[in-house]
Each structure stands twice: as structure tokens, then as C-alpha cells.
Amino acid sequence: MEKINKSILSEVIKARNPESYKGNYGRILIIAGSLPFGGAAILSTSAAVHTGAGLVTVLTIPEKFTAMNTVVPEAMTIDYNDKQEMAAAIIKNNVIVVGPGLGTSTNTAEIISSVIKNCDGDTTVIMDASALTVAAEKNIDLTKISNLILTPHQGEWARLSGLAIPEQTPENNEIALKKLAPNAILILKKHHSEIYDFGKVLQIDDGNPGMATGGMGDTLTGILAGFVGQFGFSLKTISAGLYLHSYIADKINQTDYVVLPSKLISKIPKYMLKFSKQLQ
């Protein structure tokens with residue numbers, strides 16, 4: 001099992017071309033949030049914006065528009081109950097996040113189906129949180145998505161794969177992933193998280209117990225969306241997004257008992273600038 005180390009950051013994060021515009025850095029659509037879980041949508045969206053995504057749109061419920069526009073004014077908001085608007089937004093964007101804080105209602109299954117129906121072969125879909133639970137419960141076919149990133153914690157992966165946590169060995173995880181979604185890259189969130197991609201298994205040793213707080217996974221999802229939007233869908237890009245998340249958290253944990261996701265997000269631009277200059 002190969003270890004991911006800090007060098008991946010300077011390999012992936014590049015200095016921006018002086019002649020740039022927002023369309024160069026990805027069009028991100030985040031389908032997230034519900035009445036009890038609006039914070040998940042805000043954290044994912046804020047993380048994508050702070051990572052440098054060019055255009056970020058949030059499909060959520062109208063009750064969360066004011067909070068979203070106040071905390072993340074850089075993002076656009078659309079009502080995910082408007083099926084035509086949702087389909088049009090899925091077609092327009094090149095990275096789709098579905099799941100943070102959505103809940104497990106029938107509406108979530110309909111949203112996942114719309115994503116699968118309307119995204120094309122160049123679109124990257126990141127499935128997280130509630131979307132993973134619903135995909136498992138409804139036995140949704142994920143094989144039709146060409147570029148798919150799954151980000152379950154071990155409990156969610158148990159539901160998706162049918163593997164109890166003690167059975168989640170690298171060999172078993174690879175077999176389950178190949179059957180479930182052969183085109184997917186899996187990030188299995190755990191102590192020393194692992195990434196699975198076409199027979200390759202990577203592991204991260206960074207991270208700390210201060211990260212065990214609500215919203216940390218939503219933040220990672222937003223970082224991954226921003227990275228893929230800017231640097232493309234690849235194992236290297238995804239590894240760098242995972243590493244940056246834990247790297248910043250470890251810096252915060254040197255002085256803070258708990259690593260608040262909002263504080264981690266605020267430091268993303270600083271560290272991305274640092275690593276964008278290391279190969280110059």
C-alpha cells in the first residue's frame with residue numbers, strides 16, 4: 001500500500017496563468033442541504049469556493065438561500081425542487097457533488113437519478129453522505145457514471161459494499177468496488193484513510209482526532225470538487241485534495257483542541273498559494 005505524502009501538493013497545485021478567467025477553474029454544482037442539515041451545504045460550498053473553483057452553484061431548498069448567500073456570497077443558489085432547473089444545472093456544470101446534508105427522503109433518490117440521467121461522460125460526480133446511504137438502500141446502478149468519486153466513511157461503505165467493518169480489507173474493498181462501480185475512485189474515510197483506484201491502493205497517515213467533528217467530511221467533499229474542477233479528474237488530483245484537508249487540519253491541531261471545519265476552510269487559499277510556488 002503506497003503512502004501519500006506532502007510532495008503531491010506541489011505536483012498538483014499550480015500557479016495560475018496571468019491570463020485567467022473564472023471559466024478556467026471549473027463549474028461546480030453542489031446538490032446539498034435540507035431543513036435539519038443546512039450547514040453541510042454551506043461547508044461544502046465554502047470549501048469549493050476557498051479552494052479556487054471558478055463558478056459554484058448550490059442546489060438546495062429555498063429556506064437555506066439566505067444563510068447560503070450570507071456565508072458564501074460567491075456561490076449562486078437554485079431550488080432543487082425545480083426539476084427543470086436542476087436538469088439544466090447538471091448539464092451545464094462539469095463537477096457535480098450530491099449528498100451533503102440531503103437526508104434520505106424519496107427526493108434524494110430522484111436527485112441521484114437526475115444526476116445519472118443528465119451528466120455526460122466528461123462530468124465528474126462526487127457522491128457523499130446521504131447520497132451514499134440512499135444509493136445503497138435503493139440499489140441504484142452507479143456503473144453508468146464515467147468519472148465517479150465515492151467518499152463513504154466505514155459505516156456508509158458497509159451499506160454500499162455489504163462488507164462489515166472488520167471485513168473491509170484492501171482486497172475485499174477492491175473486489176466490492178469493481179462490482180459496485182468499476183469506474184469509481186473510492187475514498188474510504190477512516191483513521192488513516194485509503195484511496196482505491198483500478199487496483200491501486202493509497203493511504204494517508206496524516207490527520208488527527210481533533211477532526212472528529214460535524215462537517216469535516218462535507219469540507220473534504222468541497223475541496224475535492226474544487227480540485228477536480230481546476231486540475232482534472234485523476235488519482236493524483238484526488239490524492240492531493242485528501243492530503244491538503246488533513247495537512248491543514250494538522251497545522252490547526254498544533255494549537256487547537258478541536259479542528260473546526262470553518263477554520264480549516266479559511267486557511268485553504270493560504271496553503272494552496274504556498275504549494276503552488278514550490279516548484280517555481
# chains A, B, ... in the order shown; residues from 1 in each chain; ligands from 1
call {"tool": "residues_around", "arguments": {"residues": "region 136-151 of chain A", "least_positions_apart": "3", "cutoff": "7 Å", "atoms": "only C-alpha atoms", "output": "ChimeraX atom specification"}}
result
/A:116,121,123-128,132-133,159-160,180-189
call {"tool": "atom_distance", "arguments": {"atom1": "CA of Ala48 (chain A)", "atom2": "CA of Val12 (chain A)"}}
result
16.1 Å
call {"tool": "residues_around", "arguments": {"residues": "Pro62 (chain A)", "least_positions_apart": "6", "cutoff": "12 Å", "atoms": "only C-alpha atoms", "output": "number ranges by chain"}}
result
A: 32-35, 38, 68-69, 77-82
call {"tool": "write_last_selection", "arguments": {"atoms": "N, CA and C atoms", "output": "PDB file, in the first residue's frame"}}
result
ATOM      1  N   ALA A  32     -27.150  19.819  -2.197  1.00  0.00           N
ATOM      2  CA  ALA A  32     -26.921  19.557  -0.768  1.00  0.00           C
ATOM      3  C   ALA A  32     -27.930  20.300   0.089  1.00  0.00           C
ATOM      4  N   GLY A  33     -28.016  19.857   1.341  1.00  0.00           N
ATOM      5  CA  GLY A  33     -28.790  20.582   2.339  1.00  0.00           C
ATOM      6  C   GLY A  33     -30.253  20.152   2.410  1.00  0.00           C
ATOM      7  N   SER A  34     -30.808  20.299   3.594  1.00  0.00           N
ATOM      8  CA  SER A  34     -32.226  20.071   3.867  1.00  0.00           C
ATOM      9  C   SER A  34     -32.543  20.862   5.132  1.00  0.00           C
ATOM     10  N   LEU A  35     -33.773  20.846   5.584  1.00  0.00           N
ATOM     11  CA  LEU A  35     -34.118  21.659   6.758  1.00  0.00           C
ATOM     12  C   LEU A  35     -33.245  21.358   7.976  1.00  0.00           C
ATOM     13  N   GLY A  38     -28.694  22.125   6.919  1.00  0.00           N
ATOM     14  CA  GLY A  38     -28.263  23.186   6.014  1.00  0.00           C
ATOM     15  C   GLY A  38     -26.776  23.487   6.099  1.00  0.00           C
ATOM     16  N   MET A  68     -27.062  30.704   2.985  1.00  0.00           N
ATOM     17  CA  MET A  68     -26.019  30.433   1.992  1.00  0.00           C
ATOM     18  C   MET A  68     -25.473  31.723   1.395  1.00  0.00           C
ATOM     19  N   ASN A  69     -26.356  32.624   1.008  1.00  0.00           N
ATOM     20  CA  ASN A  69     -25.917  33.870   0.379  1.00  0.00           C
ATOM     21  C   ASN A  69     -25.178  34.779   1.354  1.00  0.00           C
ATOM     22  N   THR A  77     -27.425  30.248  -6.064  1.00  0.00           N
ATOM     23  CA  THR A  77     -28.366  29.316  -5.439  1.00  0.00           C
ATOM     24  C   THR A  77     -29.543  29.024  -6.361  1.00  0.00           C
ATOM     25  N   ILE A  78     -29.935  27.740  -6.383  1.00  0.00           N
ATOM     26  CA  ILE A  78     -31.084  27.282  -7.157  1.00  0.00           C
ATOM     27  C   ILE A  78     -31.890  26.322  -6.282  1.00  0.00           C
ATOM     28  N   ASP A  79     -33.187  26.339  -6.446  1.00  0.00           N
ATOM     29  CA  ASP A  79     -34.088  25.452  -5.702  1.00  0.00           C
ATOM     30  C   ASP A  79     -34.052  24.055  -6.313  1.00  0.00           C
ATOM     31  N   TYR A  80     -33.647  23.049  -5.539  1.00  0.00           N
ATOM     32  CA  TYR A  80     -33.571  21.712  -6.119  1.00  0.00           C
ATOM     33  C   TYR A  80     -34.935  21.041  -6.276  1.00  0.00           C
ATOM     34  N   ASN A  81     -36.005  21.697  -5.838  1.00  0.00           N
ATOM     35  CA  ASN A  81     -37.346  21.179  -6.111  1.00  0.00           C
ATOM     36  C   ASN A  81     -37.821  21.505  -7.523  1.00  0.00           C
ATOM     37  N   ASP A  82     -37.106  22.391  -8.205  1.00  0.00           N
ATOM     38  CA  ASP A  82     -37.414  22.729  -9.595  1.00  0.00           C
ATOM     39  C   ASP A  82     -36.664  21.756 -10.493  1.00  0.00           C
TER      40      ASP A  82
END
call {"tool": "residues_around", "arguments": {"residues": "Ile204 (chain A)", "least_positions_apart": "6", "cutoff": "7 Å", "atoms": "only C-alpha atoms", "output": "PDB file with C-alpha atoms, in the first residue's frame"}}
result
ATOM      1  CA  LYS A   3       1.624   6.275   1.202  1.00  0.00           C
ATOM      2  CA  ILE A   4       0.512   9.746   0.114  1.00  0.00           C
ATOM      3  CA  HIS A 192      -5.546   6.608   8.001  1.00  0.00           C
ATOM      4  CA  SER A 193      -7.978   6.990   5.100  1.00  0.00           C
ATOM      5  CA  GLU A 194      -7.480   4.922   1.962  1.00  0.00           C
TER       6      GLU A 194
END
call {"tool": "select_by_dssp", "arguments": {"residues": "region 24-241 of chain A", "states": "strand (DSSP E or B)", "output": "PyMOL selection string"}}
result
chain A and resi 27-31+55-60+76-79+95-98+124-127+147-150+153+184-189+194-197+200-203
call {"tool": "write_last_selection", "arguments": {"atoms": "C-alpha atoms", "output": "mmCIF file, in the first residue's frame"}}
result
data_model
loop_
_atom_site.group_PDB
_atom_site.id
_atom_site.type_symbol
_atom_site.label_atom_id
_atom_site.label_comp_id
_atom_site.auth_asym_id
_atom_site.auth_seq_id
_atom_site.Cartn_x
_atom_site.Cartn_y
_atom_site.Cartn_z
ATOM 1 C CA ARG A 27 -18.046 24.854 -12.956
ATOM 2 C CA ILE A 28 -19.129 23.165 -9.739
ATOM 3 C CA LEU A 29 -22.668 22.156 -8.832
ATOM 4 C CA ILE A 30 -23.304 21.165 -5.212
ATOM 5 C CA ILE A 31 -26.654 19.473 -4.519
ATOM 6 C CA LEU A 55 -18.085 29.091 -10.611
ATOM 7 C CA VAL A 56 -20.006 27.365 -7.819
ATOM 8 C CA THR A 57 -23.763 26.816 -7.856
ATOM 9 C CA VAL A 58 -25.745 25.294 -4.982
ATOM 10 C CA LEU A 59 -28.952 23.369 -5.494
ATOM 11 C CA THR A 60 -30.695 23.426 -2.140
ATOM 12 C CA MET A 76 -25.228 31.002 -6.809
ATOM 13 C CA THR A 77 -28.366 29.316 -5.439
ATOM 14 C CA ILE A 78 -31.084 27.282 -7.157
ATOM 15 C CA ASP A 79 -34.088 25.452 -5.702
ATOM 16 C CA VAL A 95 -18.283 18.666 -11.434
ATOM 17 C CA ILE A 96 -21.414 17.549 -9.573
ATOM 18 C CA VAL A 97 -21.469 16.985 -5.807
ATOM 19 C CA VAL A 98 -24.531 15.173 -4.493
ATOM 20 C CA THR A 124 -17.211 14.144 -12.563
ATOM 21 C CA VAL A 125 -19.751 13.130 -9.935
ATOM 22 C CA ILE A 126 -18.810 13.126 -6.240
ATOM 23 C CA MET A 127 -21.227 11.143 -4.068
ATOM 24 C CA ASN A 147 -15.980 9.708 -13.595
ATOM 25 C CA LEU A 148 -17.223 8.919 -10.112
ATOM 26 C CA ILE A 149 -15.750 9.628 -6.680
ATOM 27 C CA LEU A 150 -17.269 7.884 -3.664
ATOM 28 C CA HIS A 153 -16.978 6.553 5.996
ATOM 29 C CA ALA A 184 -15.159 4.949 -9.483
ATOM 30 C CA ILE A 185 -12.370 6.122 -7.244
ATOM 31 C CA LEU A 186 -13.151 5.296 -3.632
ATOM 32 C CA ILE A 187 -12.017 7.381 -0.665
ATOM 33 C CA LEU A 188 -12.676 5.282 2.421
ATOM 34 C CA LYS A 189 -12.717 7.758 5.323
ATOM 35 C CA GLU A 194 -7.480 4.922 1.962
ATOM 36 C CA ILE A 195 -7.990 5.596 -1.762
ATOM 37 C CA TYR A 196 -8.844 2.815 -4.219
ATOM 38 C CA ASP A 197 -8.470 3.162 -7.984
ATOM 39 C CA LYS A 200 -4.052 0.789 -6.809
ATOM 40 C CA VAL A 201 -4.420 1.462 -3.082
ATOM 41 C CA LEU A 202 -3.081 4.595 -1.416
ATOM 42 C CA GLN A 203 -3.124 5.562 2.243
#
call {"tool": "atom_distance", "arguments": {"atom1": "CA of Ala88 (chain A)", "atom2": "CA of Ser234 (chain A)"}}
result
25.7 Å
call {"tool": "closest_residue", "arguments": {"among": "A:Val49, A:Leu177, A:Ile42, A:Ala129", "to": "Lys22 (chain A)", "atoms": "only C-alpha atoms"}}
result
A:Val49
call {"tool": "closest_residue", "arguments": {"among": "A:Pro152, A:Gly199, A:Gly99, A:Pro36", "to": "Glu174 (chain A)", "atoms": "only C-alpha atoms"}}
result
A:Gly199
call {"tool": "residues_around", "arguments": {"residues": "Asn208 (chain A)", "least_positions_apart": "4", "cutoff": "9 Å", "atoms": "only C-alpha atoms", "output": "list in words"}}
result
His191, Ala212, Ser246, Ala249, Asp250, Asn253 and Val259 of chain A
call {"tool": "write_last_selection", "arguments": {"atoms": "N, CA, C and O atoms", "output": "tab-separated table (two decimals), in the first residue's frame"}}
result
chain	number	residue	atom	x	y	z
A	191	HIS	N	-9.56	6.21	10.21
A	191	HIS	CA	-8.23	6.51	10.74
A	191	HIS	C	-7.22	6.00	9.70
A	191	HIS	O	-7.20	4.82	9.39
A	212	ALA	N	-12.50	14.97	14.41
A	212	ALA	CA	-13.73	14.21	14.66
A	212	ALA	C	-14.84	15.14	15.10
A	212	ALA	O	-15.22	15.20	16.28
A	246	SER	N	-6.17	17.05	5.39
A	246	SER	CA	-5.56	16.60	6.64
A	246	SER	C	-4.35	17.44	7.02
A	246	SER	O	-4.09	17.67	8.21
A	249	ALA	N	-5.56	20.53	8.68
A	249	ALA	CA	-6.11	20.15	9.99
A	249	ALA	C	-5.01	19.89	11.01
A	249	ALA	O	-5.13	20.25	12.18
A	250	ASP	N	-3.92	19.27	10.57
A	250	ASP	CA	-2.81	19.01	11.49
A	250	ASP	C	-2.14	20.30	11.93
A	250	ASP	O	-1.69	20.42	13.08
A	253	ASN	N	-4.41	21.76	14.57
A	253	ASN	CA	-4.41	20.95	15.78
A	253	ASN	C	-3.18	21.17	16.66
A	253	ASN	O	-3.17	20.79	17.83
A	259	VAL	N	-10.56	20.85	15.62
A	259	VAL	CA	-10.34	21.46	14.32
A	259	VAL	C	-11.71	21.79	13.72
A	259	VAL	O	-12.41	20.91	13.22
call {"tool": "closest_residue", "arguments": {"among": "A:Asp206, A:Glu2, A:Glu167, A:Glu63", "to": "Leu244 (chain A)", "atoms": "only C-alpha atoms"}}
result
A:Asp206
call {"tool": "atom_distance", "arguments": {"atom1": "CA of Ile112 (chain A)", "atom2": "CA of Ser46 (chain A)"}}
result
22.1 Å
call {"tool": "residues_around", "arguments": {"residues": "Asn118 (chain A)", "least_positions_apart": "4", "cutoff": "10 Å", "atoms": "only C-alpha atoms", "output": "ChimeraX atom specification"}}
result
/A:86-92,113-114,123
call {"tool": "residues_around", "arguments": {"residues": "region 240-242 of chain A", "least_positions_apart": "4", "cutoff": "6 Å", "atoms": "only C-alpha atoms", "output": "list in words"}}
result
Ile8, Leu9 and Leu224 of chain A
call {"tool": "write_last_selection", "arguments": {"atoms": "N, CA and C atoms", "output": "PDB file, in the first residue's frame"}}
result
ATOM      1  N   ILE A   8       2.814  15.544  -3.097  1.00  0.00           N
ATOM      2  CA  ILE A   8       1.693  15.517  -4.030  1.00  0.00           C
ATOM      3  C   ILE A   8       1.078  16.903  -4.200  1.00  0.00           C
ATOM      4  N   LEU A   9       1.172  17.750  -3.181  1.00  0.00           N
ATOM      5  CA  LEU A   9       0.529  19.059  -3.238  1.00  0.00           C
ATOM      6  C   LEU A   9       1.189  19.970  -4.276  1.00  0.00           C
ATOM      7  N   LEU A 224     -12.440  18.481  -2.704  1.00  0.00           N
ATOM      8  CA  LEU A 224     -12.295  17.575  -3.847  1.00  0.00           C
ATOM      9  C   LEU A 224     -12.953  18.159  -5.093  1.00  0.00           C
TER      10      LEU A 224
END
